[in-house]
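A short write-up of the structure that comes next.
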Amino acid sequence: MPFDEPLFARRPPARRSRWRLALLVLLALAGLLAGITAGVFWYVLQDMPSLDTLQEYQPSLVSRVYSDDRQIIGQYYVERRILTPLADIPQNLIDAVVAVEDARFFEHPGLDIIGIVRAVWTNLRRGGKVEGASTITQQLARSLFLSPERTYGRKFKELILAYKMELILSKEQILDLYLNQIYFGQGAYGVGSAAQTYFGKPLAELNLAEAALLAGLPKSPNNYSPLRNPDRAKRRQEHVLARMEEAGFITAEERQEAVAQELSFSHPTSEQIAPYFIEYVRQHLVATYGESMVYKGGIEVFTTLNEAMQRAAEQAVRNGLRQLDKRQGWRGPIGKQDVTALIDKPTGPPADSVHEGDVLQGVVTKVAKDHVLVQAGTLVGKLAFDDMAWARRRLRGKDPTKDVAVLPTVKQLLKPGDVIEVAVKKRDREGAQFKLDQTPIVEGGLMAIDPRTGAIRAMVGGYDFTRSEYNRTVLAHRQPGSSFKPIIYATALDVGLSPATLVVDAPVVYENEDPEKTWKPENYEKKFFGIISLREALIHSRNVATVRLLEKIGVRKVVDFSRTLGIASPLNQDLSLALGSSGVTLLELTAAYGIFANQGLQLEPYSIAVVQDNGGQMLEQKLFEPKQVVSRETSYLITNMMEDVIQKGTGQLARSIERPVAGKTGTTNDYTDAWFIGYTPNLVVGVWVGFDDVRTLGETESGAHAALPIWVEFMQAVLPSLPVMPFEIPDDIQFVKVDPNTGLLTDEGQPGTVEIFAKGTEPTESAPQHVDPTDFYKLDQFGEGAAAAAQR
C-alpha cells in the first residue's frame with residue numbers, strides 16, 4: 001500500500017465500518033433531537049397567545065357607584081381593581097416591589113440568567129425549593145396569558161412571552177401593567193385596590209412601612225395576609241425592607257424606623273348600604289351597556305341616593321318591622337344546644353366586638369328567680385323578665401289561627417339550652433343586659449323621592465337583602481287600599497267638584513245575577529255617616545262615600561287620570577277601584593303623590609344622574625323634562641285635603657312632624673297590606689308593610705298602625721336637614737265661607753266653615769235658612785254647577 005494513501009484508507013475494513021456506523025448513529029440522534037426540539041417548539045407555540053394588542057391592553061376594572069355627595073356606595077366587578085398610572089404610584093411602593101420580586105428588573109431582558117443560577121444554587125444548598133427566579137415580566141406574562149398550572153410547557157411559554165414582551169414594551173410600561181394587574185389577596189387586584197382594602201386610604205397616602213407590607217403580599221396573598229396571619233405578614237414586611245436596604249433604595253435607619261412602626265389595618269365589613277338600590281341600578285346598567293362593560297369596564301355611576309336618608313330609611317324599616325313582629329307574638333326558641341358544650345367551647349363574635357343595639361343569637365344557660373342567663377358567643381348577660389314580657393302576649397304557632405289562648409308565665413317560656421335571639425340593651429364590666437328579640441318574617445318597603453326633581457333619595461326593598469333580593473318597592477304589585485283614594489278624589493276635583501261637594505255615605509247594594517257576587521261595601525267602623533263633604537269623606541276614609549263618588553264621576557275617568565299620574569299597572573274597570581283593589585307598586589304610588597306635592601308637575605323617578613366611562617367621557621346624563629300633567633289648582637286642593645287627613649283623620653300620628661305635611665293611610669281587606677304615603681313640598685315618602693304570601697298582618701294592623709310609624713320615624717330623622725316649606729297656594733284658589741250642610745255660601749253673621757275652591761267652582765248662592773240636607777242632596781248630588789262638570 002503506497003505511503004501517501006489516506007490514513008482512513010489504511011485502516012482495516014472492519015474498523016472503517018464501525019466508524020461509519022457510529023457516525024451515522026450520532027447524526028441520526030442529532031437529527032432526532034433536533035426533530036424533537038422542533039416538535040416541542042412547534043407544539044408549544046401552536047397556542048401561544050398573541051401580543052399584538054398588548055400596547056392597548058385594558059385590565060378588568062371595577063365599576064363604582066356613588067351617592068349624591070360622591071361617596072362610593074357600591075361596586076360591580078369581576079376583579080376588584082382601581083387603575084392607577086405608574087406616575088401616581090408612590091416611589092417607595094415601586095422600589096419595594098422591585099426589591100423583593102426582581103431586584104435586577106431594569107437590567108435583564110425579561111429572563112434573569114443570574115437570578116436563575118442563584119436560585120438553583122440556593123435550592124441545591126438547602127435541599128428544596130427555597131427561592132424562585134421568575135422576573136416581574138414573567139409574572140406579568142403568566143397573569144395575563146397563561147393558566148396557573150405548574151408544567152414545563154407553561155414555564156417554557158412564560159419565558160418566551162416574557163422575552164417578547166420586553167421587545168414590545170418599555171420597562172415602565174411593564175411595571176405599570178404589573179402593579180395594576182397582580183393579585184394582593186382579599187379580592188384586591190392592583191396596588192390601588194390593595195391600599196384601600198388593607199389600609200382604607202389612597203395610594204398617595206401610603207408610608208414606607210405600609211408600602212413594604214403590600215409589596216410582600218403577591219408572593220402568597222393568603223399566607224402573608226395581615227388580617228389572617230399578622231405575625232407572618234410582619235416577618236414578610238421585614239424581609240421586604242431588608243431587600244430594599246440591600247438594593248440601596250433605603251438606608252438602615254429608614255428600615256429600622258419602618259420596622260418599628262405600628263400599622264393600623266382596615267378590616268373588611270359585611271355591611272352594605274342600599275343593597276336593593278345598588279341592584280336596581282345594576283339592572284339598568286346591564287340592560288343599557290351589557291355585562292362586560294358593567295363588570296369589567298370601570299364605569300363611574302353617579303346616583304341620586306342620599307346616604308344619610310338611606311341609613312335612616314333602613315333603620316326605620318328595621319325598627320318598624322321588629323315592633324310589628326313582636327305584636328304578632330313570639331314564635332318560640334329557634335333551636336336547642338348542649339349548654340355544657342357551649343360553656344367549654346363558646347362560638348360566636350368576641351365580646352369586644354359587640355355594641356349596644358346589636359342583635360345576637362344566644363343560648364339560655366340558666367333560668368333564675370327574676371332573670372335568665374344567656375351566653376351569646378363569648379358574651380354572657382342577663383335577660384330580665386321585664387325585657388321578655390312581650391312574649392307572654394301570645395305564644396304563636398306556625399298556624400296563626402291556632403294561637404295559644406292561655407298566657408304562659410315568663411319562666412315557662414324558656415329553658416336551659418334554648419337558642420334565642422337577644423338585643424344588647426346595655427354593656428358593662430360584668431357582661432351585658434339583654435332584651436328578648438326575634439327576626440321578623442313580615443316584609444316592608446320604603447321609597448323616598450324628591451318631587452321637585454324625581455330623584456330617588458332612599459330605597460328599602462325588604463327587611464334583609466341577604467334573606468331575599470326581591471325588591472318590593474318596584475316589583476311587588478300590592479293592593480293599595482285607601483291610599484288609592486286621593487287619586488279618585490283628585491279626579492273628582494279635576495272635573496269640577498270641590499272639597500265642599502256633598503256625597504252620601506249610606507248603605508248601597510250592587511246586585512249581580514250571581515247572588516254570591518252581590519256587593520255591599522262597608523266602612524271601616526261598620527256604620528254610615530249620611531251626607532258628608534268630599535273633604536270629610538277623605539279625611540276619615542269613608543269607603544261607601546268613595547264608591548258612590550266613583551260611580552258618579554265614572555271609572556274610566558279615574559283610570560285615565562291614574563295613567564296621567566304615571567301608574568302603569570293594570571287597574572280594575574269596576575267600582576272596587578274605589579277601595580284600592582288593583583295592585584300597584586310602591587314606586588308608582590309614591591311618584592303619583594309626588595305630582596301633587598310638586599303642583600302638578602311630573603318628573604319621572606330616576607336613580608342615575610350621570611354615567612361616565614373609565615376615561616371620564618359622558619355615557620349618560622339625566623335631563624329634566626317636567627310636564628304639567630295635573631293643574632296646580634287640583635294639586636293644591638287634594639294636598640290641602642290630605643293635610644287634614646294628618647290633622648284630623650287617620651294620619652294623626654304624623655302631626656308630630658310639626659311642619660306642612662299631607663298624606664293618606666291605606667289598609668286592605670283582612671289587613672293583608674298596610675300603606676302610608678305622605679309628603680312635604682320637598683320630599684315624598686311611601687311605606688308598605690305586608691307578607692310576601694299575602695296573609696293577614698293581624699287585627700288592627702292598619703296603615704296607621706303598621707306603616708305610618710315607619711314613615712314618621714324616617715321623616716323625623718331626615719327632615720331637619722331640609723328647609724321648612726309651605727305648600728304654595730296657586731293664584732286661582734278661592735277661600736270662601738260655606739255652610740257645611742249644603743256646601744253653599746253662608747250669609748254674613750251666619751255660622752260656617754272656610755273652604756277652598758278652584759276659581760269658577762265656588763258656590764254663588766246662599767244656603768237657605770231652613771233646609772233638610774237630605775232634600776238638598778236629592779236636588780243636586782254634587783252641589784251647584786258640579787253635576788254638569790262631572791258628566792263632561
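How things are named: the first chain in the C-alpha cells is A, the next is B, and so on; residues count from 1 in each chain; ligands count from 1 in the order shown.
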If you count only C-alpha atoms, which residues fall within 8 Å of Pro486 (chain A), apart from same-chain ones fewer than 2 positions away, as number ranges by chain?
A: 483-484, 488-490, 538, 638, 642, 664
Please produce a file of those selected residues containing N, CA, C and O atoms, as a compact mmCIF listing (two decimals), in the first residue's frame.
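So result-v8.txt came out as:
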```
# COMPACT_ATOMS: atom_id res chain seq x y z
N SER A 483 -105.12 54.12 50.31
CA SER A 483 -104.10 55.04 49.83
C SER A 483 -104.28 55.35 48.34
O SER A 483 -103.63 56.25 47.81
N PHE A 484 -105.20 54.63 47.66
CA PHE A 484 -105.53 54.96 46.28
C PHE A 484 -106.62 56.02 46.20
O PHE A 484 -106.82 56.65 45.15
N ILE A 488 -108.78 59.12 43.28
CA ILE A 488 -110.20 59.23 42.93
C ILE A 488 -110.71 60.63 43.26
O ILE A 488 -111.39 61.28 42.44
N TYR A 489 -110.36 61.13 44.42
CA TYR A 489 -110.82 62.46 44.82
C TYR A 489 -110.18 63.54 43.96
O TYR A 489 -110.82 64.55 43.62
N ALA A 490 -108.91 63.35 43.59
CA ALA A 490 -108.26 64.32 42.71
C ALA A 490 -108.93 64.33 41.34
O ALA A 490 -109.07 65.38 40.70
N LEU A 538 -112.71 61.99 52.64
CA LEU A 538 -111.31 61.60 52.51
C LEU A 538 -110.59 61.60 53.85
O LEU A 538 -109.79 60.70 54.13
N ILE A 638 -106.20 68.77 46.52
CA ILE A 638 -106.07 67.43 47.10
C ILE A 638 -105.00 67.42 48.19
O ILE A 638 -105.12 66.71 49.19
N MET A 642 -105.52 66.36 52.07
CA MET A 642 -104.69 65.36 52.76
C MET A 642 -103.93 65.96 53.95
O MET A 642 -103.50 65.22 54.83
N LYS A 664 -101.83 60.02 53.23
CA LYS A 664 -103.00 59.14 53.33
C LYS A 664 -102.57 57.74 53.71
O LYS A 664 -101.59 57.21 53.19
```
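Using only C-alpha atoms, the contacts of Met725 (chain A) at a cut-off of 8 Å, with sequence neighbours closer than 2 positions omitted, comprise Arg659, Pro660, Thr680, Pro681, Asn682, Pro723 and Phe727 of chain A.
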Okay, now the selection with all heavy atoms, as a PDB file, in the first residue's frame?
```
ATOM      1  N   ARG A 659     -94.568  70.362  60.700  1.00  0.00           N
ATOM      2  CA  ARG A 659     -94.351  71.186  59.512  1.00  0.00           C
ATOM      3  C   ARG A 659     -95.422  70.790  58.510  1.00  0.00           C
ATOM      4  O   ARG A 659     -96.086  69.768  58.692  1.00  0.00           O
ATOM      5  CB  ARG A 659     -92.938  71.027  58.948  1.00  0.00           C
ATOM      6  CG  ARG A 659     -92.597  69.656  58.399  1.00  0.00           C
ATOM      7  CD  ARG A 659     -91.316  69.701  57.566  1.00  0.00           C
ATOM      8  NE  ARG A 659     -90.116  69.931  58.355  1.00  0.00           N
ATOM      9  CZ  ARG A 659     -88.938  70.249  57.826  1.00  0.00           C
ATOM     10  NH1 ARG A 659     -88.816  70.366  56.506  1.00  0.00           N
ATOM     11  NH2 ARG A 659     -87.872  70.438  58.584  1.00  0.00           N
ATOM     12  N   PRO A 660     -95.628  71.571  57.463  1.00  0.00           N
ATOM     13  CA  PRO A 660     -96.673  71.216  56.496  1.00  0.00           C
ATOM     14  C   PRO A 660     -96.469  69.817  55.922  1.00  0.00           C
ATOM     15  O   PRO A 660     -95.439  69.527  55.304  1.00  0.00           O
ATOM     16  CB  PRO A 660     -96.529  72.297  55.421  1.00  0.00           C
ATOM     17  CG  PRO A 660     -95.945  73.460  56.135  1.00  0.00           C
ATOM     18  CD  PRO A 660     -95.010  72.879  57.149  1.00  0.00           C
ATOM     19  N   THR A 680     -93.984  66.337  52.090  1.00  0.00           N
ATOM     20  CA  THR A 680     -93.782  67.770  52.258  1.00  0.00           C
ATOM     21  C   THR A 680     -93.497  68.317  50.854  1.00  0.00           C
ATOM     22  O   THR A 680     -93.368  67.525  49.913  1.00  0.00           O
ATOM     23  CB  THR A 680     -92.591  68.056  53.187  1.00  0.00           C
ATOM     24  OG1 THR A 680     -91.398  67.541  52.565  1.00  0.00           O
ATOM     25  CG2 THR A 680     -92.770  67.398  54.550  1.00  0.00           C
ATOM     26  N   PRO A 681     -93.379  69.622  50.671  1.00  0.00           N
ATOM     27  CA  PRO A 681     -93.088  70.112  49.321  1.00  0.00           C
ATOM     28  C   PRO A 681     -91.757  69.626  48.751  1.00  0.00           C
ATOM     29  O   PRO A 681     -91.582  69.627  47.530  1.00  0.00           O
ATOM     30  CB  PRO A 681     -93.070  71.638  49.506  1.00  0.00           C
ATOM     31  CG  PRO A 681     -93.953  71.883  50.681  1.00  0.00           C
ATOM     32  CD  PRO A 681     -93.690  70.723  51.607  1.00  0.00           C
ATOM     33  N   ASN A 682     -90.821  69.186  49.609  1.00  0.00           N
ATOM     34  CA  ASN A 682     -89.513  68.782  49.102  1.00  0.00           C
ATOM     35  C   ASN A 682     -89.167  67.312  49.322  1.00  0.00           C
ATOM     36  O   ASN A 682     -88.042  66.895  49.078  1.00  0.00           O
ATOM     37  CB  ASN A 682     -88.410  69.662  49.719  1.00  0.00           C
ATOM     38  CG  ASN A 682     -88.596  69.883  51.207  1.00  0.00           C
ATOM     39  OD1 ASN A 682     -89.388  69.186  51.844  1.00  0.00           O
ATOM     40  ND2 ASN A 682     -87.889  70.853  51.756  1.00  0.00           N
ATOM     41  N   PRO A 723     -85.135  72.341  54.410  1.00  0.00           N
ATOM     42  CA  PRO A 723     -85.815  73.570  54.843  1.00  0.00           C
ATOM     43  C   PRO A 723     -87.312  73.356  55.017  1.00  0.00           C
ATOM     44  O   PRO A 723     -87.923  72.549  54.313  1.00  0.00           O
ATOM     45  CB  PRO A 723     -85.521  74.544  53.698  1.00  0.00           C
ATOM     46  CG  PRO A 723     -85.248  73.686  52.512  1.00  0.00           C
ATOM     47  CD  PRO A 723     -84.587  72.449  53.045  1.00  0.00           C
ATOM     48  N   PHE A 727     -96.873  74.547  51.459  1.00  0.00           N
ATOM     49  CA  PHE A 727     -97.420  74.201  50.152  1.00  0.00           C
ATOM     50  C   PHE A 727     -97.902  75.493  49.485  1.00  0.00           C
ATOM     51  O   PHE A 727     -98.729  76.221  50.046  1.00  0.00           O
ATOM     52  CB  PHE A 727     -98.571  73.202  50.299  1.00  0.00           C
ATOM     53  CG  PHE A 727     -98.141  71.856  50.788  1.00  0.00           C
ATOM     54  CD1 PHE A 727     -98.466  71.431  52.075  1.00  0.00           C
ATOM     55  CD2 PHE A 727     -97.401  71.009  49.980  1.00  0.00           C
ATOM     56  CE1 PHE A 727     -98.070  70.184  52.529  1.00  0.00           C
ATOM     57  CE2 PHE A 727     -96.991  69.752  50.430  1.00  0.00           C
ATOM     58  CZ  PHE A 727     -97.322  69.353  51.712  1.00  0.00           C
TER      59      PHE A 727
END
```
At a cut-off of 9 Å, using only C-alpha atoms, what residues contact Leu360 (chain A)? Leave out same-chain residues fewer than 5 positions from it and give the result as a PyMOL selection string.
chain A and resi 348-349+354+376-377+420-424+437
At a cut-off of 12 Å, using only C-alpha atoms, what residues contact Arg311 (chain A)? Leave out same-chain residues fewer than 3 positions from it and give the result as an MDAnalysis selection string.
chainID A and resid 73 271:275 305:308 314:318 446 457:460 713:714 717:718
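Counting from CA of Ile657 (chain A), the distance to CA of Val645 (chain A) is 13.7 Å.
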Using only C-alpha atoms, which residues sit within 8 Å of Ala215 (chain A) once same-chain residues fewer than 2 positions away are excluded, as a PyMOL selection string?
chain A and resi 93+96-97+100+211-213+217-218+237+240
Pull C-alpha atoms from the residues just selected and write them as a compact mmCIF listing (two decimals), in the first residue's frame.
```txt
# COMPACT_ATOMS: atom_id res chain seq x y z
CA LEU A 93 -44.01 51.13 46.78
CA ALA A 96 -40.38 47.75 47.48
CA VAL A 97 -41.95 45.59 44.77
CA VAL A 100 -38.45 41.84 46.72
CA ALA A 211 -45.76 50.04 51.12
CA ALA A 212 -43.36 47.29 52.24
CA LEU A 213 -46.21 45.23 53.66
CA LEU A 217 -48.25 40.10 49.54
CA PRO A 218 -48.22 38.98 45.86
CA GLN A 237 -42.63 43.03 55.67
CA VAL A 240 -39.04 43.32 52.05
```
Contacts of Ala578 (chain A) at 7 Å (only C-alpha atoms; same-chain gap of 4+ positions) as number ranges by chain
A: 485, 546-547, 550
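Of the residues under consideration (A:Ala591, A:Ala103, A:Arg235, A:Gly461), A:Ala103 shows the shortest atom-to-atom contact distance to Gly248 (chain A) when counting only C-alpha atoms.
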Which residue is closest to Pro230 (chain A)? Choose from A:Thr665, A:Glu262, A:Val736, A:Ala707 and count only C-alpha atoms.
A:Glu262
What are the DSSP strand (DSSP E) residues of region 462-608 of chain A, as a PyMOL selection string?
chain A and resi 502-505+530-533+601-602+608
CA of Leu83 (chain A) to CA of Gln173 (chain A), straight-line distance in Å
13.5 Å
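Nearest to Gly686 (chain A) of all the residues A:Lys219, A:Lys415, A:Lys527, A:Arg472 is A:Arg472, based on only C-alpha atoms.
Among the candidates A:Pro480, A:Pro499, A:Gly200, A:Gly651, the one nearest to Ser581 (chain A) when counting only C-alpha atoms is A:Pro480.
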